[in-house]
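As structure tokens, the structure follows; a few thoughts come after it.
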Amino acid sequence: MINTIPKITQNFIEMINEKANGGTYRVKLGKINIDVFPYIFPPQSPFSESTHSVYQLFGNLAGQEILDVGTGTGIQAIYAALAGAKRVDAVDIYGPAVRCAKHNVALNGLEKVVKVWQSNLFRQVPKKEYDLIIANLPIIDAQSEDIKLHSLVDPGFLYHEELFREAPSYLSKEGSITLCHANLHEGSTFERLENAARHNSFLPNIKKSLKSLGYEWRSYEFRSIK
């Protein structure tokens with residue numbers, strides 16, 4: 001765990017606070033309208049590489065059952081629905097994010113496909129086999145008592161550990177996990193992520209890697225090797 005928040009994250013927090021002072025604002029991604037509530041991770045900003053790196057790789061999800069963990073504004077769930085998913089369940093630990101996601105699902109007319117509720121990872125998710133789990137987890141291993149920063153910090157990497165530990169109970173036989181990660185604070189962060197996956201019998205596959213804002217961002221797919 002680190003004691004000093006990286007500069008890029010400090011800048012992002014400043015941006016989030018400034019935007020929050022102005023209230024809810026709208027962003028448009030193609031034909032999708034997203035209203036960003038105060039303190040919710042935006043789908044479009046100089047710091048949103050982890051968000052669009054994931055949905056850009058969805059491809060055709062026709063007929064699939066999807067779970068979106070850490071849905072935030074609901075953008076990943078909405079993209080999954082528009083990519084043909086049969087049903088998308090979207091959860092977030094933060095109450096205002098749940099309200100934001102529900103609002104945006106309705107705004108885009110997808111209430112019949114996307115269902116949103118509050119849950120700390122899988123804890124309030126009924127047992128069900130999903131074809132794809134989208135994980136929008138915090139990247140920084142740091143401590144924060146501010147719940148509004150829930151989307152930025154994962155103290156002790158516990159969210160990631162729990163994700164890989166519990167995911168097998170929620171995946172179909174051919175199901176997979178997708179997420180984006182970055183080396184924002186230490187060179188071994190990718191190794192740590194991949195080791196956590198392998199420890200729980202998931203094989204990491206780097207689908208995309210790019211440099212942005214001085215850091216490497218990797219989009220991963222994880223499949224069970226049991």
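Each chain in the structure tokens gets a letter, A, B and so on, in the order shown; residues start at 1 in every chain, and ligands are counted from 1 in the order they appear.
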
Do a neighbour search on stretch 182-184 of chain A at 6 Å with only C-alpha atoms, toss out local chain neighbours closer than 3 positions, and write the hits as a PyMOL selection string. chain A and resi 189+216-217

Residue subset to file, keeping C-alpha atoms, as a compact mmCIF listing (two decimals), in the first residue's frame:
# COMPACT_ATOMS: atom_id res chain seq x y z
CA THR A 189 1.27 -3.67 -10.20
CA GLU A 216 0.81 2.00 -19.31
CA TRP A 217 -2.84 0.91 -19.47

Give me the residues near A:Ser169 as a compact mmCIF listing (two decimals) with C-alpha atoms, in the first residue's frame, where near means some atom within 9 Å (using only C-alpha atoms) and where sequence neighbours in that chain fewer than 3 positions away do not count.
# COMPACT_ATOMS: atom_id res chain seq x y z
CA LYS A 127 -25.98 -16.73 -7.70
CA LYS A 128 -26.24 -16.87 -11.47
CA GLU A 129 -24.00 -17.82 -14.39
CA ARG A 165 -11.92 -15.45 -5.44
CA GLU A 166 -15.70 -15.10 -5.86
CA SER A 172 -20.66 -19.76 -17.05

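Among the candidates A:Tyr159, A:Trp117, A:Phe122, A:Phe222, the one nearest to A:Leu137 when counting only C-alpha atoms is A:Tyr159.
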
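You can rank A:Thr178, A:Lys226, A:Gly156, A:Ala135 by their closest distance to A:Arg192 using only C-alpha atoms, and at the top of that list sits A:Gly156.
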
List every residue of stretch 1-206 of chain A that DSSP, applied to the backbone of this structure, assigns to strand (DSSP E or B), and report them as a PyMOL selection string. chain A and resi 25-29+32-36+65-69+87-92+114-118+130-135+140+153+171-182+202-206

Separating atom CA of A:Lys211 from atom CA of A:Cys180, to the nearest tenth of an Å, is a gap of 12.8 Å

Between A:Lys208, A:Gln64, A:Ala90, A:Val125, single out the one closest to A:Glu174, counting only C-alpha atoms. A:Gln64

Residue set, stretch 52-143 of chain A restricted to helix (DSSP H, G or I), as an MDAnalysis selection string: chainID A and resid 52:55 75:82 95:107

Work out how far atom CA of A:Gln118 is from atom CA of A:Gly95, in Å to one decimal. 6.5 Å

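Residue nearest A:Ile133 within the list A:Glu14, A:Asn33, A:Leu171, A:Pro204: A:Leu171 [criterion: smallest interatomic distance, only C-alpha atoms].
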
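Minimum distance to A:Ser176 across A:Asp89, A:Glu191, A:Glu65, A:Glu162 (counting only C-alpha atoms) occurs at A:Glu65.
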